[in-house]
>>> print(open('model_12.csv').read())   # CSV, C-alpha atoms
chain,number,residue,atom,x,y,z
A,1,MET,CA,-0.6,-25.8,-46.9
A,2,SER,CA,-2.6,-23.6,-49.3
A,3,MET,CA,-6.2,-23.1,-48.4
A,4,MET,CA,-9.4,-22.3,-50.3
A,5,LYS,CA,-13.0,-21.4,-49.8
A,6,ALA,CA,-15.6,-24.2,-50.2
A,7,ILE,CA,-19.4,-24.5,-49.6
A,8,VAL,CA,-19.8,-27.5,-47.3
A,9,LYS,CA,-22.8,-29.4,-46.1
A,10,ALA,CA,-21.5,-29.3,-42.5
A,11,HIS,CA,-24.5,-30.4,-40.5
A,12,PRO,CA,-27.1,-33.1,-41.1
A,13,GLN,CA,-30.1,-30.8,-40.9
A,14,PRO,CA,-32.1,-28.5,-43.2
A,15,GLY,CA,-29.8,-25.7,-44.4
A,16,GLY,CA,-26.6,-26.8,-42.7
A,17,LEU,CA,-24.3,-25.2,-45.3
A,18,GLU,CA,-21.1,-23.3,-44.3
A,19,PHE,CA,-18.4,-21.4,-46.0
A,20,GLN,CA,-15.2,-23.2,-44.9
A,21,ASP,CA,-11.5,-22.9,-45.4
A,22,VAL,CA,-10.2,-26.2,-46.6
A,23,PRO,CA,-6.9,-27.4,-48.2
A,24,ILE,CA,-6.5,-27.0,-51.9
A,25,PRO,CA,-6.4,-30.7,-53.1
A,26,GLU,CA,-3.4,-32.2,-55.0
A,27,PRO,CA,-4.2,-33.9,-58.3
A,28,GLY,CA,-3.3,-37.6,-58.1
A,29,VAL,CA,-2.5,-40.0,-60.9
A,30,GLY,CA,-4.7,-39.3,-63.9
A,31,GLU,CA,-6.2,-36.3,-62.3
A,32,VAL,CA,-6.3,-32.6,-63.0
A,33,LEU,CA,-6.6,-29.6,-60.6
A,34,LEU,CA,-9.3,-27.2,-61.8
A,35,LYS,CA,-9.7,-23.5,-60.9
A,36,ASN,CA,-13.4,-22.7,-60.8
A,37,ARG,CA,-15.0,-19.8,-62.9
A,38,CYS,CA,-18.7,-20.6,-62.4
A,39,VAL,CA,-20.9,-23.2,-60.7
A,40,ALA,CA,-24.6,-23.8,-61.0
A,41,ILE,CA,-27.0,-24.9,-58.3
A,42,CYS,CA,-28.7,-28.2,-59.2
A,43,GLY,CA,-32.0,-29.7,-57.9
A,44,THR,CA,-29.8,-32.3,-56.2
A,45,ASP,CA,-28.0,-29.5,-54.3
A,46,LEU,CA,-31.4,-28.2,-53.2
A,47,HIS,CA,-32.3,-31.7,-52.0
A,48,ILE,CA,-29.1,-31.8,-49.9
A,49,TYR,CA,-29.8,-28.2,-48.7
A,50,ASN,CA,-33.3,-29.3,-47.5
A,51,TRP,CA,-31.9,-32.5,-46.1
A,52,ASP,CA,-34.7,-34.7,-47.4
A,53,ALA,CA,-35.0,-38.5,-47.1
A,54,TRP,CA,-32.8,-39.1,-50.2
A,55,SER,CA,-30.1,-36.9,-48.8
A,56,GLN,CA,-30.2,-38.4,-45.4
A,57,HIS,CA,-29.7,-41.8,-46.9
A,58,ARG,CA,-27.0,-40.9,-49.5
A,59,VAL,CA,-24.9,-38.0,-48.1
A,60,GLN,CA,-22.3,-38.2,-45.4
A,61,THR,CA,-21.4,-34.9,-43.7
A,62,PRO,CA,-19.2,-32.9,-43.9
A,63,ARG,CA,-19.4,-32.9,-47.7
A,64,ILE,CA,-18.4,-30.2,-50.3
A,65,ILE,CA,-21.5,-30.2,-52.6
A,66,GLY,CA,-22.1,-29.3,-56.2
A,67,HIS,CA,-21.3,-30.9,-59.6
A,68,GLU,CA,-22.1,-28.3,-62.3
A,69,PHE,CA,-19.2,-26.1,-63.3
A,70,ALA,CA,-17.1,-24.2,-65.8
A,71,ALA,CA,-13.4,-24.0,-64.9
A,72,GLU,CA,-9.8,-23.7,-66.1
A,73,VAL,CA,-7.1,-26.4,-65.8
A,74,ALA,CA,-4.7,-25.2,-63.1
A,75,ALA,CA,-2.3,-28.2,-62.7
A,76,LEU,CA,-1.8,-31.7,-63.9
A,77,GLY,CA,-1.2,-34.9,-61.9
A,78,PRO,CA,1.0,-37.7,-63.1
A,79,GLU,CA,-0.1,-39.7,-66.2
A,80,VAL,CA,-2.2,-36.9,-67.6
A,81,HIS,CA,-1.7,-36.9,-71.4
A,82,HIS,CA,-4.5,-35.1,-73.2
A,83,THR,CA,-5.1,-32.0,-71.1
A,84,LYS,CA,-3.1,-28.8,-70.8
A,85,VAL,CA,-2.9,-26.1,-68.1
A,86,GLY,CA,-5.1,-23.2,-69.0
A,87,GLU,CA,-7.7,-25.1,-71.0
A,88,TYR,CA,-11.4,-24.1,-70.4
A,89,VAL,CA,-13.4,-27.1,-69.4
A,90,SER,CA,-16.5,-28.5,-67.8
A,91,GLY,CA,-17.0,-32.2,-67.0
A,92,GLU,CA,-19.1,-35.3,-66.4
A,93,GLY,CA,-20.4,-35.6,-62.9
A,94,HIS,CA,-20.5,-39.4,-62.7
A,95,LEU,CA,-17.3,-41.2,-61.6
A,96,VAL,CA,-17.4,-44.6,-63.4
A,97,CYS,CA,-15.2,-47.7,-63.3
A,98,GLY,CA,-14.6,-47.9,-67.1
A,99,ARG,CA,-14.3,-51.7,-66.8
A,100,CYS,CA,-17.8,-53.2,-66.3
A,101,ASP,CA,-19.9,-54.4,-69.3
A,102,ASN,CA,-22.1,-51.3,-69.1
A,103,CYS,CA,-19.1,-48.9,-69.3
A,104,ARG,CA,-17.6,-50.9,-72.2
A,105,THR,CA,-20.9,-50.9,-74.2
A,106,GLY,CA,-21.9,-47.2,-74.1
A,107,LEU,CA,-23.9,-47.4,-70.9
A,108,GLY,CA,-21.4,-45.8,-68.5
A,109,HIS,CA,-24.2,-43.6,-67.0
A,110,VAL,CA,-25.5,-46.8,-65.4
A,111,CYS,CA,-22.1,-48.2,-64.3
A,112,TYR,CA,-22.5,-50.7,-61.6
A,113,SER,CA,-20.2,-48.9,-59.2
A,114,TRP,CA,-20.6,-45.2,-60.2
A,115,LYS,CA,-20.3,-42.4,-57.7
A,116,GLY,CA,-21.8,-38.9,-57.8
A,117,ILE,CA,-19.6,-35.8,-57.4
A,118,GLY,CA,-21.0,-33.6,-54.7
A,119,TYR,CA,-22.9,-36.2,-52.7
A,120,ASP,CA,-20.9,-39.5,-52.8
A,121,VAL,CA,-17.6,-37.7,-52.9
A,122,ASP,CA,-16.6,-34.0,-52.5
A,123,GLY,CA,-17.9,-31.8,-55.2
A,124,VAL,CA,-17.1,-28.6,-57.1
A,125,PHE,CA,-18.5,-25.8,-54.9
A,126,ALA,CA,-15.0,-24.6,-54.1
A,127,GLU,CA,-12.3,-22.4,-55.6
A,128,TYR,CA,-10.4,-25.5,-56.7
A,129,PHE,CA,-11.2,-29.2,-57.1
A,130,VAL,CA,-9.7,-32.3,-58.7
A,131,LEU,CA,-11.3,-34.4,-61.4
A,132,PRO,CA,-10.1,-37.5,-63.3
A,133,GLU,CA,-8.8,-36.5,-66.8
A,134,ARG,CA,-11.3,-38.9,-68.4
A,135,ASN,CA,-14.2,-36.8,-66.9
A,136,ILE,CA,-13.0,-33.6,-68.6
A,137,TRP,CA,-15.0,-32.0,-71.4
A,138,LYS,CA,-13.2,-29.2,-73.3
A,139,ASN,CA,-15.5,-26.3,-73.9
A,140,ASP,CA,-15.6,-24.1,-77.0
A,141,PRO,CA,-13.8,-20.9,-76.1
A,142,GLU,CA,-16.7,-18.7,-77.0
A,143,LEU,CA,-19.1,-20.5,-74.7
A,144,PRO,CA,-19.9,-18.2,-71.8
A,145,PRO,CA,-19.1,-19.7,-68.4
A,146,HIS,CA,-22.7,-19.4,-67.1
A,147,VAL,CA,-23.8,-21.5,-70.1
A,148,ALA,CA,-20.9,-23.9,-69.8
A,149,ALA,CA,-21.7,-24.5,-66.2
A,150,VAL,CA,-25.2,-25.8,-67.0
A,151,GLN,CA,-24.2,-28.4,-69.5
A,152,ASP,CA,-24.7,-31.2,-66.9
A,153,PRO,CA,-28.5,-30.6,-66.6
A,154,LEU,CA,-28.6,-29.7,-70.3
A,155,GLY,CA,-27.1,-33.1,-71.0
A,156,ASN,CA,-29.9,-34.7,-68.9
A,157,ALA,CA,-32.5,-32.9,-71.0
A,158,ILE,CA,-30.6,-34.0,-74.2
A,159,HIS,CA,-30.6,-37.6,-73.0
A,160,THR,CA,-34.4,-37.4,-72.3
A,161,VAL,CA,-35.4,-35.8,-75.6
A,162,PHE,CA,-33.1,-38.0,-77.8
A,163,ARG,CA,-34.2,-41.2,-76.1
A,164,THR,CA,-36.8,-41.4,-78.9
A,165,ASP,CA,-37.7,-39.5,-82.1
A,166,CYS,CA,-39.3,-36.2,-81.2
A,167,VAL,CA,-38.8,-34.5,-84.6
A,168,ALA,CA,-42.1,-33.3,-86.2
A,169,LYS,CA,-44.0,-35.0,-83.3
A,170,THR,CA,-46.5,-33.6,-80.8
A,171,VAL,CA,-44.6,-33.8,-77.5
A,172,VAL,CA,-46.0,-33.2,-74.1
A,173,VAL,CA,-43.6,-32.1,-71.3
A,174,PHE,CA,-44.7,-32.6,-67.7
A,175,GLY,CA,-42.7,-30.3,-65.5
A,176,ASP,CA,-41.5,-26.7,-65.8
A,177,GLY,CA,-38.4,-26.9,-63.6
A,178,PRO,CA,-34.9,-26.3,-65.1
A,179,VAL,CA,-34.6,-29.6,-66.9
A,180,GLY,CA,-38.1,-29.4,-68.2
A,181,LEU,CA,-37.4,-25.9,-69.6
A,182,LEU,CA,-34.1,-27.0,-71.1
A,183,ALA,CA,-36.0,-29.9,-72.8
A,184,VAL,CA,-38.4,-27.4,-74.3
A,185,ALA,CA,-35.6,-25.4,-75.8
A,186,ILE,CA,-34.1,-28.6,-77.3
A,187,LEU,CA,-37.4,-29.8,-78.7
A,188,LYS,CA,-37.8,-26.4,-80.4
A,189,ALA,CA,-34.3,-26.6,-81.8
A,190,ILE,CA,-34.8,-30.0,-83.3
A,191,GLY,CA,-38.2,-29.3,-84.9
A,192,ALA,CA,-40.9,-30.8,-82.7
A,193,ALA,CA,-44.3,-30.0,-84.3
A,194,ARG,CA,-46.1,-29.0,-81.2
A,195,ILE,CA,-44.8,-28.7,-77.6
A,196,ILE,CA,-47.3,-28.7,-74.8
A,197,VAL,CA,-46.0,-28.0,-71.3
A,198,PHE,CA,-47.8,-28.7,-68.0
A,199,GLY,CA,-46.7,-26.9,-64.8
A,200,LEU,CA,-48.1,-25.8,-61.5
A,201,ASP,CA,-49.3,-22.3,-60.6
A,202,ASN,CA,-45.9,-20.7,-61.4
A,203,ASP,CA,-46.4,-18.0,-63.9
A,204,TYR,CA,-42.7,-17.2,-63.9
A,205,ARG,CA,-41.6,-20.6,-65.1
A,206,LEU,CA,-44.5,-21.1,-67.5
A,207,GLY,CA,-43.4,-17.8,-69.0
A,208,LEU,CA,-39.9,-19.2,-69.4
A,209,ALA,CA,-41.4,-22.3,-71.1
A,210,ARG,CA,-43.2,-20.0,-73.6
A,211,GLN,CA,-40.0,-18.1,-74.2
A,212,ALA,CA,-38.1,-21.4,-74.7
A,213,GLY,CA,-40.5,-22.4,-77.5
A,214,ALA,CA,-43.5,-24.1,-76.0
A,215,ASP,CA,-46.7,-23.8,-78.1
A,216,ASP,CA,-49.1,-24.4,-75.1
A,217,VAL,CA,-48.3,-23.7,-71.5
A,218,VAL,CA,-50.9,-25.1,-69.2
A,219,LYS,CA,-51.5,-25.0,-65.4
A,220,VAL,CA,-52.6,-28.3,-64.0
A,221,THR,CA,-54.6,-26.4,-61.4
A,222,GLU,CA,-56.8,-25.0,-64.2
A,223,HIS,CA,-57.0,-27.9,-66.8
A,224,ASP,CA,-57.0,-31.7,-66.5
A,225,PRO,CA,-53.8,-32.7,-68.4
A,226,VAL,CA,-55.3,-35.8,-70.1
A,227,GLU,CA,-58.4,-34.0,-71.2
A,228,TYR,CA,-56.3,-31.1,-72.5
A,229,VAL,CA,-54.0,-33.3,-74.5
A,230,MET,CA,-56.9,-35.3,-76.0
A,231,GLY,CA,-58.6,-32.1,-77.0
A,232,ALA,CA,-55.4,-30.8,-78.6
A,233,THR,CA,-54.8,-34.0,-80.6
A,234,GLY,CA,-58.3,-34.8,-81.9
A,235,GLY,CA,-58.7,-37.4,-79.2
A,236,PHE,CA,-55.7,-39.5,-80.1
A,237,GLY,CA,-53.1,-38.4,-77.6
A,238,ALA,CA,-49.5,-37.2,-77.9
A,239,ASP,CA,-46.8,-39.0,-79.9
A,240,VAL,CA,-44.2,-38.6,-77.1
A,241,VAL,CA,-44.6,-37.6,-73.5
A,242,LEU,CA,-41.6,-36.5,-71.4
A,243,GLU,CA,-42.3,-36.9,-67.6
A,244,ILE,CA,-39.9,-34.5,-65.8
A,245,ALA,CA,-41.9,-33.5,-62.7
A,246,GLY,CA,-41.8,-36.8,-60.8
A,247,ALA,CA,-45.1,-36.1,-59.1
A,248,ARG,CA,-47.6,-38.9,-58.6
A,249,ALA,CA,-50.4,-37.1,-60.6
A,250,SER,CA,-48.1,-36.1,-63.4
A,251,ILE,CA,-46.7,-39.6,-63.9
A,252,GLN,CA,-50.2,-41.1,-64.0
A,253,ALA,CA,-51.4,-38.3,-66.4
A,254,ALA,CA,-48.3,-38.7,-68.6
A,255,ILE,CA,-49.0,-42.4,-69.2
A,256,LYS,CA,-52.7,-41.7,-70.1
A,257,SER,CA,-51.8,-38.7,-72.3
A,258,ALA,CA,-49.8,-40.8,-74.8
A,259,LYS,CA,-51.5,-42.1,-78.0
A,260,LEU,CA,-51.9,-45.8,-78.8
A,261,GLY,CA,-48.4,-47.1,-79.5
A,262,GLY,CA,-46.9,-43.8,-78.1
A,263,GLU,CA,-43.8,-43.3,-76.1
A,264,VAL,CA,-43.3,-42.0,-72.5
A,265,VAL,CA,-39.8,-41.0,-71.4
A,266,MET,CA,-39.4,-40.6,-67.6
A,267,ILE,CA,-36.6,-38.7,-65.8
A,268,GLY,CA,-38.7,-37.3,-62.9
A,269,ILE,CA,-38.0,-38.9,-59.6
A,270,PRO,CA,-41.1,-39.6,-57.4
A,271,ASN,CA,-40.7,-39.8,-53.6
A,272,SER,CA,-43.2,-42.7,-53.2
A,273,ASP,CA,-44.6,-45.7,-55.0
A,274,ILE,CA,-47.0,-44.8,-57.9
A,275,PRO,CA,-49.9,-47.1,-58.7
A,276,VAL,CA,-50.3,-47.8,-62.4
A,277,ASN,CA,-52.8,-50.0,-64.2
A,278,PHE,CA,-50.3,-51.7,-66.5
A,279,ALA,CA,-52.8,-53.9,-68.2
A,280,GLU,CA,-55.2,-51.1,-69.3
A,281,ASP,CA,-52.8,-48.1,-69.6
A,282,VAL,CA,-49.6,-49.7,-70.8
A,283,VAL,CA,-49.9,-53.3,-72.2
A,284,PHE,CA,-53.2,-53.0,-74.1
A,285,ARG,CA,-52.2,-49.5,-75.4
A,286,SER,CA,-48.8,-50.8,-76.6
A,287,LEU,CA,-46.9,-48.0,-74.9
A,288,SER,CA,-43.1,-47.8,-74.8
A,289,ILE,CA,-41.8,-46.4,-71.5
A,290,TYR,CA,-38.1,-45.4,-71.0
A,291,GLY,CA,-36.4,-44.6,-67.8
A,292,ILE,CA,-33.7,-42.0,-68.0
A,293,THR,CA,-30.8,-41.2,-65.6
A,294,GLY,CA,-27.9,-38.8,-66.1
A,295,ARG,CA,-26.3,-38.4,-69.5
A,296,ARG,CA,-25.0,-40.9,-72.0
A,297,ILE,CA,-21.2,-40.7,-71.7
A,298,TRP,CA,-20.2,-39.1,-74.1
A,299,ASP,CA,-23.0,-39.3,-76.6
A,300,SER,CA,-25.2,-36.6,-74.9
A,301,TRP,CA,-22.3,-34.2,-74.6
A,302,PHE,CA,-21.5,-34.4,-78.4
A,303,LYS,CA,-25.2,-33.9,-79.3
A,304,MET,CA,-25.2,-30.9,-76.9
A,305,ARG,CA,-22.1,-29.4,-78.4
A,306,GLY,CA,-23.5,-29.8,-81.9
A,307,LEU,CA,-26.8,-28.1,-81.0
A,308,LEU,CA,-25.0,-25.2,-79.2
A,309,ARG,CA,-22.7,-24.7,-82.2
A,310,SER,CA,-25.5,-24.7,-84.6
A,311,GLY,CA,-27.1,-21.7,-83.1
A,312,ARG,CA,-30.5,-23.3,-82.9
A,313,LEU,CA,-30.3,-24.1,-79.2
A,314,ASN,CA,-30.4,-21.0,-77.0
A,315,VAL,CA,-30.3,-21.6,-73.3
A,316,GLU,CA,-29.3,-18.1,-72.3
A,317,PRO,CA,-32.8,-17.0,-71.3
A,318,LEU,CA,-33.0,-20.0,-69.0
A,319,VAL,CA,-30.0,-19.0,-66.9
A,320,THR,CA,-32.1,-16.4,-65.1
A,321,HIS,CA,-29.9,-15.4,-62.1
A,322,GLN,CA,-26.3,-15.0,-61.3
A,323,PHE,CA,-24.8,-14.4,-57.9
A,324,ASP,CA,-21.3,-14.0,-56.5
A,325,PHE,CA,-20.0,-17.2,-55.0
A,326,ASN,CA,-20.0,-15.6,-51.6
A,327,ASP,CA,-23.7,-15.0,-51.9
A,328,TYR,CA,-24.6,-18.7,-52.3
A,329,GLU,CA,-27.4,-18.4,-49.7
A,330,LYS,CA,-29.2,-16.0,-51.9
A,331,GLY,CA,-29.1,-18.5,-54.7
A,332,PHE,CA,-30.5,-21.3,-52.5
A,333,GLU,CA,-33.2,-19.1,-51.2
A,334,LEU,CA,-34.3,-18.1,-54.7
A,335,MET,CA,-34.3,-21.8,-55.7
A,336,GLN,CA,-36.7,-22.5,-52.9
A,337,THR,CA,-39.2,-20.0,-54.3
A,338,GLY,CA,-39.3,-21.6,-57.8
A,339,ARG,CA,-39.2,-18.1,-59.4
A,340,CYS,CA,-36.1,-18.9,-61.4
A,341,GLY,CA,-34.6,-21.0,-64.1
A,342,LYS,CA,-31.0,-22.0,-63.6
A,343,VAL,CA,-29.1,-20.2,-60.9
A,344,VAL,CA,-25.3,-19.8,-61.1
A,345,LEU,CA,-22.6,-18.6,-58.8
A,346,ASN,CA,-19.6,-16.7,-60.3
A,347,LEU,CA,-16.1,-17.0,-58.7
>>> encode(input="model_12.csv", output="structure tokens")
Amino acid sequence: MSMMKAIVKAHPQPGGLEFQDVPIPEPGVGEVLLKNRCVAICGTDLHIYNWDAWSQHRVQTPRIIGHEFAAEVAALGPEVHHTKVGEYVSGEGHLVCGRCDNCRTGLGHVCYSWKGIGYDVDGVFAEYFVLPERNIWKNDPELPPHVAAVQDPLGNAIHTVFRTDCVAKTVVVFGDGPVGLLAVAILKAIGAARIIVFGLDNDYRLGLARQAGADDVVKVTEHDPVEYVMGATGGFGADVVLEIAGARASIQAAIKSAKLGGEVVMIGIPNSDIPVNFAEDVVFRSLSIYGITGRRIWDSWFKMRGLLRSGRLNVEPLVTHQFDFNDYEKGFELMQTGRCGKVVLNL
């Protein structure tokens, strides 16, 4: 039996990752075997690394983690008809049924029985892994692997930005983590009129936000976000607010920062209940609030491809660190500090 190296969440505790020798999987019916070139560390992987409440509830150990990747097709299982050995691919990280009403009406990202690669089932932090052919996305040959590997979170940002019309609008972004930074780059690419980013006391990430195209980068420790937005908009509020931080204070401020009849798009995940005065802050102000999860399959991917091909969207500066796959601990340690954008591991 041929073996490979994999990063495994071996123990149900903080840290708990191990490099293990595991069998190279065989592709089943409708599946392809992929040989990895590059993987990226997601915030979800960091949650699993830290073994927080969500991870303890969701992940069964041992589990190969990871779901962001760029790879080459190494072998084909039976009944694979549209993929060839040697093709350069990435892929959708949600395994969906393809049969429920949501899957059949363009809402597969909220399939009733979806499973997440790298936490519900074994993931991609390995030399080889299998994926259903229908989850494969064929990359443009000129797309560098370290960029191709971050298309999963870039797709999240695409889904968030394109949930409503942000063109020529004043858009506020709460959160300067990787998805927030990618959202800024997208907003710049599509022509948002003014981009205001709120973050914590992290000069490194706020600098990346400025580099990505933000007009205003603001520390919430120095300025009240609602007062800042009202001052910047003549007292009216922002046309669109993207809430990507998931913190209690930022969610409450995001709702209050939108103008009358404005729109709030929410992808940040809070870890507790958030009190909101729906009568005063939502209903009487006629706000539209949208919840976002994952990527629209495959709508977000086609939008992403188009923007990358256009040359208007540049995410290179946001992939700030690259490590060898063997040095994965360095990547996780760096992610803990917050002094990074996207972190990738090269195989």
>>> residues_around(input="model_12.csv", residues="A:Lys219", least_positions_apart="4", cutoff="7 Å", atoms="only C-alpha atoms", output="list in words")
Phe198, Gly199, Leu200, Asp201 and His223 of chain A
>>> residues_around(input="model_12.csv", residues="stretch 257-262 of chain A", least_positions_apart="3", cutoff="9 Å", atoms="all atoms listed in the file", output="VMD selection string")
chain A and resid 172 225 to 230 235 to 241 252 to 254 284 to 289
>>> atom_distance(input="model_12.csv", atom1="atom CA of A:Gly91", atom2="atom CA of A:Leu187")
23.6 Å
>>> closest_residue(input="model_12.csv", among="A:Thr105, A:Ala185, A:Val89, A:Asp120", to="A:Ile65", atoms="only C-alpha atoms")
A:Asp120
>>> residues_near_point(input="model_12.csv", point="(-31.6, -41.8, -72.5)", cutoff="9 Å", atoms="all atoms listed in the file", output="ChimeraX atom specification")
/A:156,158-164,265,267,290-296,300
>>> atom_distance(input="model_12.csv", atom1="atom CA of A:Gly268", atom2="atom CA of A:Ala71")
28.7 Å
>>> closest_residue(input="model_12.csv", among="A:Glu87, A:Glu243, A:Asp152, A:Glu68", to="A:Val39", atoms="all atoms listed in the file")
A:Glu68
>>> atom_distance(input="model_12.csv", atom1="atom CA of A:Gly15", atom2="atom CA of A:Asp45")
10.8 Å
>>> closest_atom_pairs(input="model_12.csv", of="stretch 32-130 of chain A", to="stretch 317-335 of chain A", cutoff="10 Å", atoms="only C-alpha atoms", output="Markdown table")
| residue | atom | partner | partner_atom | distance |
| --- | --- | --- | --- | --- |
| A:Arg37 | CA | A:Phe325 | CA | 9.7 |
| A:Cys38 | CA | A:Phe325 | CA | 8.2 |
| A:Val39 | CA | A:Phe325 | CA | 8.3 |
| A:Ala40 | CA | A:Gln322 | CA | 9.0 |
| A:Ile41 | CA | A:Gly331 | CA | 7.6 |
| A:Cys42 | CA | A:Met335 | CA | 9.2 |
| A:Gly43 | CA | A:Met335 | CA | 8.5 |
| A:Asp45 | CA | A:Phe332 | CA | 8.8 |
| A:Leu46 | CA | A:Phe332 | CA | 7.0 |
| A:Tyr49 | CA | A:Phe332 | CA | 7.9 |
| A:Asn50 | CA | A:Phe332 | CA | 9.8 |
| A:Phe125 | CA | A:Phe325 | CA | 8.7 |
| A:Ala126 | CA | A:Phe325 | CA | 9.0 |
| A:Glu127 | CA | A:Phe325 | CA | 9.3 |
>>> closest_residue(input="model_12.csv", among="A:Tyr204, A:Tyr112, A:Trp137, A:Phe278", to="A:Phe302", atoms="all atoms listed in the file")
A:Trp137
>>> closest_residue(input="model_12.csv", among="A:Ala183, A:Val80, A:Met3, A:Ala149", to="A:Val29", atoms="only C-alpha atoms")
A:Val80
>>> closest_residue(input="model_12.csv", among="A:Val73, A:Ile7, A:Val171, A:Ile136", to="A:Trp298", atoms="only C-alpha atoms")
A:Ile136
>>> closest_residue(input="model_12.csv", among="A:Gly231, A:Pro141, A:Gly341, A:Gly213", to="A:Ala192", atoms="only C-alpha atoms")
A:Gly213
>>> residues_around(input="model_12.csv", residues="A:Ile244", least_positions_apart="3", cutoff="8 Å", atoms="only C-alpha atoms", output="PyMOL selection string")
chain A and resi 173-176+179-180+266-269
>>> write_last_selection(input="model_12.csv", atoms="C-alpha atoms", output="PDB file, in the coordinates of the input")
ATOM      1  CA  VAL A 173     -43.600 -32.100 -71.300  1.00  0.00           C
ATOM      2  CA  PHE A 174     -44.700 -32.600 -67.700  1.00  0.00           C
ATOM      3  CA  GLY A 175     -42.700 -30.300 -65.500  1.00  0.00           C
ATOM      4  CA  ASP A 176     -41.500 -26.700 -65.800  1.00  0.00           C
ATOM      5  CA  VAL A 179     -34.600 -29.600 -66.900  1.00  0.00           C
ATOM      6  CA  GLY A 180     -38.100 -29.400 -68.200  1.00  0.00           C
ATOM      7  CA  MET A 266     -39.400 -40.600 -67.600  1.00  0.00           C
ATOM      8  CA  ILE A 267     -36.600 -38.700 -65.800  1.00  0.00           C
ATOM      9  CA  GLY A 268     -38.700 -37.300 -62.900  1.00  0.00           C
ATOM     10  CA  ILE A 269     -38.000 -38.900 -59.600  1.00  0.00           C
TER      11      ILE A 269
END
>>> residues_around(input="model_12.csv", residues="A:Gly28", least_positions_apart="2", cutoff="8 Å", atoms="only C-alpha atoms", output="number ranges by chain")
A: 26, 30-32, 77-78
>>> residues_around(input="model_12.csv", residues="A:Ala189", least_positions_apart="6", cutoff="8 Å", atoms="only C-alpha atoms", output="PDB file with C-alpha atoms, keeping the file's coordinate frame")
ATOM      1  CA  LEU A 307     -26.800 -28.100 -81.000  1.00  0.00           C
ATOM      2  CA  ARG A 312     -30.500 -23.300 -82.900  1.00  0.00           C
ATOM      3  CA  LEU A 313     -30.300 -24.100 -79.200  1.00  0.00           C
TER       4      LEU A 313
END
